[in-house]
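For reference, the structure is listed below as structure tokens.
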Amino acid sequence: MQLFLGLHNPLKHCGVWYLSNSKYGYEEQFNFSTKHQKINVSEVDFSKYELVFIQGANPVVSAPNTKRVIEGLKNSFVVYLGININDTCEYADLIIPACSFLQKDDVRLSYGHEYKAISNKVQEPLSETISEYNLTKYLFDTFKFDGLKKEKEILDYYIKYQPKAYEFEKFEFIDDIEVEHLYEKKLKEQYYFITAKKKKNLNSSFKIDNYLYLNPQTGYKDGDIVTLSSKYGNAKFEVKTTFDVKENCVLCYAGNKNANYLTPYQSDESSHSAMYQEVLVNIELS
């Protein structure tokens, strides 16, 4: 397992990031090369691609800067492979139904421990569905590619191989760093925009909470419709009040369909993925 905690370049963006690599110590079983430049996942401009393939993800909700994501998908041919219809499917030109975890063999590695979860197929796939591996094999056969290993060979490797444990180096604490604190930019009428995980959902899956949580002392009431604006975008929310949120903060839970209209699409310098953002917002009653 890999753990990283650090500060970012304050001139570009700032925040705290966490990275854990479930494949650390294993060799890649699917190798490829390309002449194209690799783009950080949170910074991808979908409009620059003739075809966008999305597997099991919901970037319209979970990726930062929702408006930019939607505009990009509208200007590309979008293929979606997954088991559920989600918000991103609205912009898909082709939807391919995928097998569920019950209908294929698989192995899951962990982000936080060394246990491996082996999943054996217990159902035959429905006739109109296909697994990720079988779709990959179909494309390899159709376009006359080579180099794809047998599915059993790949699974056996991850099941049987014991990777070398991660070796931690001595941590050096930073004594002095120049950071432009968010409170130094905050105006009196602005609020800190906070996002958090919730037990009943996983990002944009399961039971989604689309409310905006405010302290009752702000003067807003349950059911109020408000517009939140940041320098990156704006969106409407329905208010729920709670004393659990400070008076100078607003809270959205992960998976809120409108939260990422307010966030930038910057990425961190280590994992090159989306990170926790520091965002100030204004509130206006709609």
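Following the order of the structure tokens, first chain is A, next is B, and so on, with residues numbered from 1 inside each chain and ligands from 1 in the order they appear.
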
Quiz item: If we count only C-alpha atoms, what is near range 133-142 of chain A at a cut-off of 12 Å, once residues fewer than 2 positions away on the same chain are taken out, given as an NGL selection string?
Solution: :A and (30 or 55 or 81-82 or 96-99 or 104-106 or 125 or 129-131 or 144-152 or 154-155)

For the residues in that selection, give me N, CA and C atoms as a PDB file, in the first residue's frame.
ATOM      1  N   PHE A  30      -1.370  -5.812 -18.797  1.00  0.00           N
ATOM      2  CA  PHE A  30      -1.892  -5.289 -20.061  1.00  0.00           C
ATOM      3  C   PHE A  30      -1.006  -4.120 -20.470  1.00  0.00           C
ATOM      4  N   GLN A  55     -15.889   3.492 -19.041  1.00  0.00           N
ATOM      5  CA  GLN A  55     -16.225   2.190 -18.489  1.00  0.00           C
ATOM      6  C   GLN A  55     -16.603   2.329 -17.012  1.00  0.00           C
ATOM      7  N   LEU A  81     -19.712   1.750 -21.289  1.00  0.00           N
ATOM      8  CA  LEU A  81     -19.835   0.342 -20.898  1.00  0.00           C
ATOM      9  C   LEU A  81     -20.096   0.291 -19.402  1.00  0.00           C
ATOM     10  N   GLY A  82     -21.215  -0.302 -18.989  1.00  0.00           N
ATOM     11  CA  GLY A  82     -21.513  -0.360 -17.563  1.00  0.00           C
ATOM     12  C   GLY A  82     -22.749  -1.180 -17.278  1.00  0.00           C
ATOM     13  N   ILE A  96     -23.156   0.039 -24.051  1.00  0.00           N
ATOM     14  CA  ILE A  96     -22.909  -1.402 -24.084  1.00  0.00           C
ATOM     15  C   ILE A  96     -23.177  -1.965 -22.690  1.00  0.00           C
ATOM     16  N   PRO A  97     -24.180  -2.828 -22.521  1.00  0.00           N
ATOM     17  CA  PRO A  97     -24.456  -3.416 -21.205  1.00  0.00           C
ATOM     18  C   PRO A  97     -23.333  -4.363 -20.786  1.00  0.00           C
ATOM     19  N   ALA A  98     -22.847  -4.208 -19.571  1.00  0.00           N
ATOM     20  CA  ALA A  98     -21.749  -5.026 -19.066  1.00  0.00           C
ATOM     21  C   ALA A  98     -22.274  -6.117 -18.137  1.00  0.00           C
ATOM     22  N   CYS A  99     -21.481  -7.177 -17.979  1.00  0.00           N
ATOM     23  CA  CYS A  99     -21.809  -8.227 -17.014  1.00  0.00           C
ATOM     24  C   CYS A  99     -21.696  -7.687 -15.594  1.00  0.00           C
ATOM     25  N   LYS A 104     -18.886 -13.139 -13.960  1.00  0.00           N
ATOM     26  CA  LYS A 104     -17.517 -13.223 -14.482  1.00  0.00           C
ATOM     27  C   LYS A 104     -16.561 -13.553 -13.344  1.00  0.00           C
ATOM     28  N   ASP A 105     -15.429 -14.135 -13.701  1.00  0.00           N
ATOM     29  CA  ASP A 105     -14.354 -14.367 -12.733  1.00  0.00           C
ATOM     30  C   ASP A 105     -13.559 -13.083 -12.568  1.00  0.00           C
ATOM     31  N   ASP A 106     -13.105 -12.845 -11.352  1.00  0.00           N
ATOM     32  CA  ASP A 106     -12.370 -11.604 -11.104  1.00  0.00           C
ATOM     33  C   ASP A 106     -11.543 -11.746  -9.836  1.00  0.00           C
ATOM     34  N   PRO A 125     -23.727 -14.961 -18.061  1.00  0.00           N
ATOM     35  CA  PRO A 125     -24.096 -13.598 -18.485  1.00  0.00           C
ATOM     36  C   PRO A 125     -25.361 -13.609 -19.331  1.00  0.00           C
ATOM     37  N   THR A 129     -25.215  -8.908 -22.741  1.00  0.00           N
ATOM     38  CA  THR A 129     -24.150  -8.284 -21.951  1.00  0.00           C
ATOM     39  C   THR A 129     -22.795  -8.884 -22.300  1.00  0.00           C
ATOM     40  N   ILE A 130     -21.748  -8.168 -21.902  1.00  0.00           N
ATOM     41  CA  ILE A 130     -20.390  -8.622 -22.190  1.00  0.00           C
ATOM     42  C   ILE A 130     -19.460  -8.147 -21.078  1.00  0.00           C
ATOM     43  N   SER A 131     -18.451  -8.941 -20.772  1.00  0.00           N
ATOM     44  CA  SER A 131     -17.482  -8.557 -19.740  1.00  0.00           C
ATOM     45  C   SER A 131     -16.417  -7.652 -20.344  1.00  0.00           C
ATOM     46  N   LYS A 144      -7.178  -7.013 -35.429  1.00  0.00           N
ATOM     47  CA  LYS A 144      -5.962  -7.804 -35.658  1.00  0.00           C
ATOM     48  C   LYS A 144      -4.807  -7.359 -34.754  1.00  0.00           C
ATOM     49  N   PHE A 145      -5.126  -7.003 -33.515  1.00  0.00           N
ATOM     50  CA  PHE A 145      -4.078  -6.690 -32.546  1.00  0.00           C
ATOM     51  C   PHE A 145      -3.557  -7.989 -31.949  1.00  0.00           C
ATOM     52  N   ASP A 146      -2.381  -7.928 -31.341  1.00  0.00           N
ATOM     53  CA  ASP A 146      -1.867  -9.091 -30.617  1.00  0.00           C
ATOM     54  C   ASP A 146      -1.329  -8.633 -29.263  1.00  0.00           C
ATOM     55  N   GLY A 147      -1.000  -9.604 -28.406  1.00  0.00           N
ATOM     56  CA  GLY A 147      -0.409  -9.278 -27.113  1.00  0.00           C
ATOM     57  C   GLY A 147      -1.336  -9.421 -25.925  1.00  0.00           C
ATOM     58  N   LEU A 148      -2.610  -9.750 -26.169  1.00  0.00           N
ATOM     59  CA  LEU A 148      -3.542  -9.902 -25.052  1.00  0.00           C
ATOM     60  C   LEU A 148      -3.383 -11.288 -24.441  1.00  0.00           C
ATOM     61  N   LYS A 149      -3.094 -11.347 -23.151  1.00  0.00           N
ATOM     62  CA  LYS A 149      -2.936 -12.623 -22.461  1.00  0.00           C
ATOM     63  C   LYS A 149      -4.295 -13.276 -22.223  1.00  0.00           C
ATOM     64  N   LYS A 150      -4.269 -14.592 -21.976  1.00  0.00           N
ATOM     65  CA  LYS A 150      -5.493 -15.300 -21.633  1.00  0.00           C
ATOM     66  C   LYS A 150      -6.033 -14.766 -20.311  1.00  0.00           C
ATOM     67  N   GLU A 151      -7.356 -14.728 -20.197  1.00  0.00           N
ATOM     68  CA  GLU A 151      -7.961 -14.189 -18.975  1.00  0.00           C
ATOM     69  C   GLU A 151      -7.516 -14.971 -17.743  1.00  0.00           C
ATOM     70  N   LYS A 152      -7.489 -16.286 -17.821  1.00  0.00           N
ATOM     71  CA  LYS A 152      -7.087 -17.105 -16.672  1.00  0.00           C
ATOM     72  C   LYS A 152      -5.642 -16.826 -16.276  1.00  0.00           C
ATOM     73  N   ILE A 154      -4.024 -14.019 -16.563  1.00  0.00           N
ATOM     74  CA  ILE A 154      -3.983 -12.729 -15.870  1.00  0.00           C
ATOM     75  C   ILE A 154      -4.486 -12.872 -14.440  1.00  0.00           C
ATOM     76  N   LEU A 155      -5.628 -13.545 -14.270  1.00  0.00           N
ATOM     77  CA  LEU A 155      -6.200 -13.708 -12.937  1.00  0.00           C
ATOM     78  C   LEU A 155      -5.286 -14.533 -12.041  1.00  0.00           C
TER      79      LEU A 155
END

Practice problem: Can you pull out every residue within 10 Å of range 36-45 of chain A, counting only C-alpha atoms, but drop anything in the same chain fewer than 5 positions away, and send it as a VMD selection string? | Solution: chain A and resid 59 62 to 65 68 to 73 264 to 269 271 to 275

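Of the residues listed (A:Gln190, A:His181, A:Val122, A:Val61), A:Val61 shows the shortest atom-to-atom separation from Asn260 in chain A; distances use only C-alpha atoms.
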
Quiz item: Could you name the residues that touch range 156-160 of chain A at 8 Å or less, counting only C-alpha atoms, but leaving out those on the same chain fewer than 6 positions away, as a PyMOL selection string?
Solution: chain A and resi 26+107+116+118

Atoms to include: C-alpha atoms. Write the selected residues as a PDB file, in the first residue's frame.
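Listed below is the output, part.pdb:
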ATOM      1  CA  TYR A  26       2.671  -6.132  -9.329  1.00  0.00           C
ATOM      2  CA  VAL A 107      -9.871 -10.739  -8.399  1.00  0.00           C
ATOM      3  CA  LYS A 116      -7.094 -10.387  -2.091  1.00  0.00           C
ATOM      4  CA  ILE A 118     -11.370 -13.744  -5.393  1.00  0.00           C
TER       5      ILE A 118
END

Practice problem: Write out as a PyMOL selection string all residues of range 34-261 of chain A that backbone DSSP assigns to alpha helix (DSSP H). | Solution: chain A and resi 59-62+66-74+132-142+151-160

Selection file, N, CA and C atoms, as a tab-separated table (two decimals), in the first residue's frame:
chain	number	residue	atom	x	y	z
A	59	PRO	N	-18.46	10.56	-15.05
A	59	PRO	CA	-17.74	11.84	-14.96
A	59	PRO	C	-18.64	13.07	-14.95
A	60	VAL	N	-19.86	12.97	-15.47
A	60	VAL	CA	-20.77	14.12	-15.46
A	60	VAL	C	-21.05	14.58	-14.03
A	61	VAL	N	-21.00	13.64	-13.08
A	61	VAL	CA	-21.21	13.98	-11.68
A	61	VAL	C	-19.91	13.99	-10.89
A	62	SER	N	-19.06	12.98	-11.10
A	62	SER	CA	-17.91	12.79	-10.22
A	62	SER	C	-16.65	13.53	-10.65
A	66	THR	N	-18.19	20.31	-13.92
A	66	THR	CA	-19.23	19.58	-14.65
A	66	THR	C	-19.57	20.21	-16.00
A	67	LYS	N	-19.68	21.53	-16.05
A	67	LYS	CA	-20.06	22.19	-17.30
A	67	LYS	C	-19.06	21.88	-18.40
A	68	ARG	N	-17.77	21.89	-18.08
A	68	ARG	CA	-16.74	21.60	-19.07
A	68	ARG	C	-16.83	20.14	-19.53
A	69	VAL	N	-17.11	19.23	-18.60
A	69	VAL	CA	-17.25	17.81	-18.94
A	69	VAL	C	-18.40	17.61	-19.92
A	70	ILE	N	-19.56	18.19	-19.63
A	70	ILE	CA	-20.74	18.03	-20.49
A	70	ILE	C	-20.50	18.61	-21.87
A	71	GLU	N	-19.92	19.80	-21.93
A	71	GLU	CA	-19.64	20.42	-23.23
A	71	GLU	C	-18.69	19.55	-24.05
A	72	GLY	N	-17.72	18.92	-23.39
A	72	GLY	CA	-16.80	18.05	-24.10
A	72	GLY	C	-17.47	16.80	-24.63
A	73	LEU	N	-18.33	16.17	-23.82
A	73	LEU	CA	-19.02	14.96	-24.25
A	73	LEU	C	-19.98	15.24	-25.41
A	74	LYS	N	-20.58	16.41	-25.42
A	74	LYS	CA	-21.50	16.77	-26.50
A	74	LYS	C	-20.78	16.89	-27.84
A	132	GLU	N	-15.68	-6.97	-19.48
A	132	GLU	CA	-14.61	-6.09	-19.96
A	132	GLU	C	-13.56	-6.88	-20.75
A	133	TYR	N	-13.20	-8.06	-20.22
A	133	TYR	CA	-12.17	-8.84	-20.93
A	133	TYR	C	-12.68	-9.30	-22.29
A	134	ASN	N	-13.91	-9.81	-22.36
A	134	ASN	CA	-14.42	-10.31	-23.64
A	134	ASN	C	-14.60	-9.19	-24.67
A	135	LEU	N	-14.95	-7.99	-24.20
A	135	LEU	CA	-15.02	-6.86	-25.13
A	135	LEU	C	-13.63	-6.52	-25.65
A	136	THR	N	-12.65	-6.54	-24.75
A	136	THR	CA	-11.27	-6.27	-25.16
A	136	THR	C	-10.80	-7.30	-26.18
A	137	LYS	N	-11.09	-8.57	-25.92
A	137	LYS	CA	-10.69	-9.64	-26.84
A	137	LYS	C	-11.38	-9.47	-28.20
A	138	TYR	N	-12.66	-9.08	-28.17
A	138	TYR	CA	-13.39	-8.86	-29.42
A	138	TYR	C	-12.72	-7.76	-30.25
A	139	LEU	N	-12.32	-6.68	-29.59
A	139	LEU	CA	-11.66	-5.58	-30.30
A	139	LEU	C	-10.28	-6.00	-30.81
A	140	PHE	N	-9.54	-6.78	-30.01
A	140	PHE	CA	-8.25	-7.29	-30.46
A	140	PHE	C	-8.42	-8.13	-31.71
A	141	ASP	N	-9.40	-9.03	-31.70
A	141	ASP	CA	-9.62	-9.91	-32.85
A	141	ASP	C	-10.08	-9.12	-34.07
A	142	THR	N	-10.96	-8.16	-33.87
A	142	THR	CA	-11.51	-7.38	-34.98
A	142	THR	C	-10.45	-6.54	-35.67
A	151	GLU	N	-7.36	-14.73	-20.20
A	151	GLU	CA	-7.96	-14.19	-18.98
A	151	GLU	C	-7.52	-14.97	-17.74
A	152	LYS	N	-7.49	-16.29	-17.82
A	152	LYS	CA	-7.09	-17.11	-16.67
A	152	LYS	C	-5.64	-16.83	-16.28
A	153	GLU	N	-4.78	-16.61	-17.25
A	153	GLU	CA	-3.38	-16.31	-16.97
A	153	GLU	C	-3.24	-15.01	-16.18
A	154	ILE	N	-4.02	-14.02	-16.56
A	154	ILE	CA	-3.98	-12.73	-15.87
A	154	ILE	C	-4.49	-12.87	-14.44
A	155	LEU	N	-5.63	-13.54	-14.27
A	155	LEU	CA	-6.20	-13.71	-12.94
A	155	LEU	C	-5.29	-14.53	-12.04
A	156	ASP	N	-4.72	-15.61	-12.58
A	156	ASP	CA	-3.82	-16.46	-11.79
A	156	ASP	C	-2.60	-15.69	-11.31
A	157	TYR	N	-2.11	-14.79	-12.15
A	157	TYR	CA	-0.94	-14.00	-11.75
A	157	TYR	C	-1.26	-13.18	-10.50
A	158	TYR	N	-2.38	-12.46	-10.51
A	158	TYR	CA	-2.71	-11.61	-9.37
A	158	TYR	C	-3.08	-12.44	-8.14
A	159	ILE	N	-3.67	-13.61	-8.35
A	159	ILE	CA	-4.06	-14.46	-7.22
A	159	ILE	C	-2.82	-15.07	-6.54
A	160	LYS	N	-1.87	-15.53	-7.33
A	160	LYS	CA	-0.74	-16.30	-6.79
A	160	LYS	C	0.48	-15.46	-6.43

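Compared by their closest atoms to Val250 in chain A, and using only C-alpha atoms, the residues A:Glu238, A:Glu128, A:Glu172, A:Glu90 rank with A:Glu238 nearest.
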
Self-check item: Nearest to Lys257 in chain A, chosen from A:Lys48, A:Lys236, A:Lys185, A:Lys198, with only C-alpha atoms counted in the distances
Solution: A:Lys236

Quiz item: Residues of range 152-261 of chain A in strand (DSSP E) according to DSSP, as a PyMOL selection string?
Solution: chain A and resi 191-196+201-202+205-206+211-214+225-230+233-241+249-253

Could you name the residues that touch Gly223 in chain A at 7 Å or less, counting only C-alpha atoms, but leaving out those on the same chain fewer than 2 positions away, as a compact mmCIF listing (two decimals) with N, CA and C atoms, in the first residue's frame?
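The new file out_5.txt reads:
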# COMPACT_ATOMS: atom_id res chain seq x y z
N LYS A 221 -33.74 28.68 5.15
CA LYS A 221 -34.65 27.71 5.74
C LYS A 221 -34.66 26.43 4.90
N ILE A 225 -34.53 27.34 -2.27
CA ILE A 225 -33.72 27.07 -3.46
C ILE A 225 -32.73 28.22 -3.60
N GLU A 238 -31.16 22.75 -3.22
CA GLU A 238 -32.19 22.85 -2.19
C GLU A 238 -31.53 22.78 -0.82
N VAL A 239 -31.94 23.66 0.07
CA VAL A 239 -31.29 23.82 1.37
C VAL A 239 -31.86 22.86 2.41
N LYS A 240 -30.95 22.30 3.23
CA LYS A 240 -31.30 21.66 4.49
C LYS A 240 -30.45 22.30 5.57

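Excluding Val78 in chain A itself and same-chain residues fewer than 4 positions from it, the residues having an atom within 9 Å of it are Glu50, Leu51, Val52, Phe53, Ile54, Leu73, Lys74, Cys89, Tyr91, Ala92, Asp93, Leu94 and Ile95 of chain A, counting only C-alpha atoms.
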
Residues at most 8 Å from Asp209 in chain A, counting only C-alpha atoms, excluding those fewer than 2 positions away in the same chain, as a PDB file with C-alpha atoms, in the first residue's frame?
ATOM      1  CA  LYS A 207     -28.418   6.660  -2.205  1.00  0.00           C
ATOM      2  CA  TYR A 211     -29.078  18.813  -0.594  1.00  0.00           C
ATOM      3  CA  TYR A 253     -21.894  15.291   0.088  1.00  0.00           C
ATOM      4  CA  GLY A 255     -22.284  12.431  -5.446  1.00  0.00           C
ATOM      5  CA  ASN A 256     -24.314  15.641  -5.294  1.00  0.00           C
TER       6      ASN A 256
END
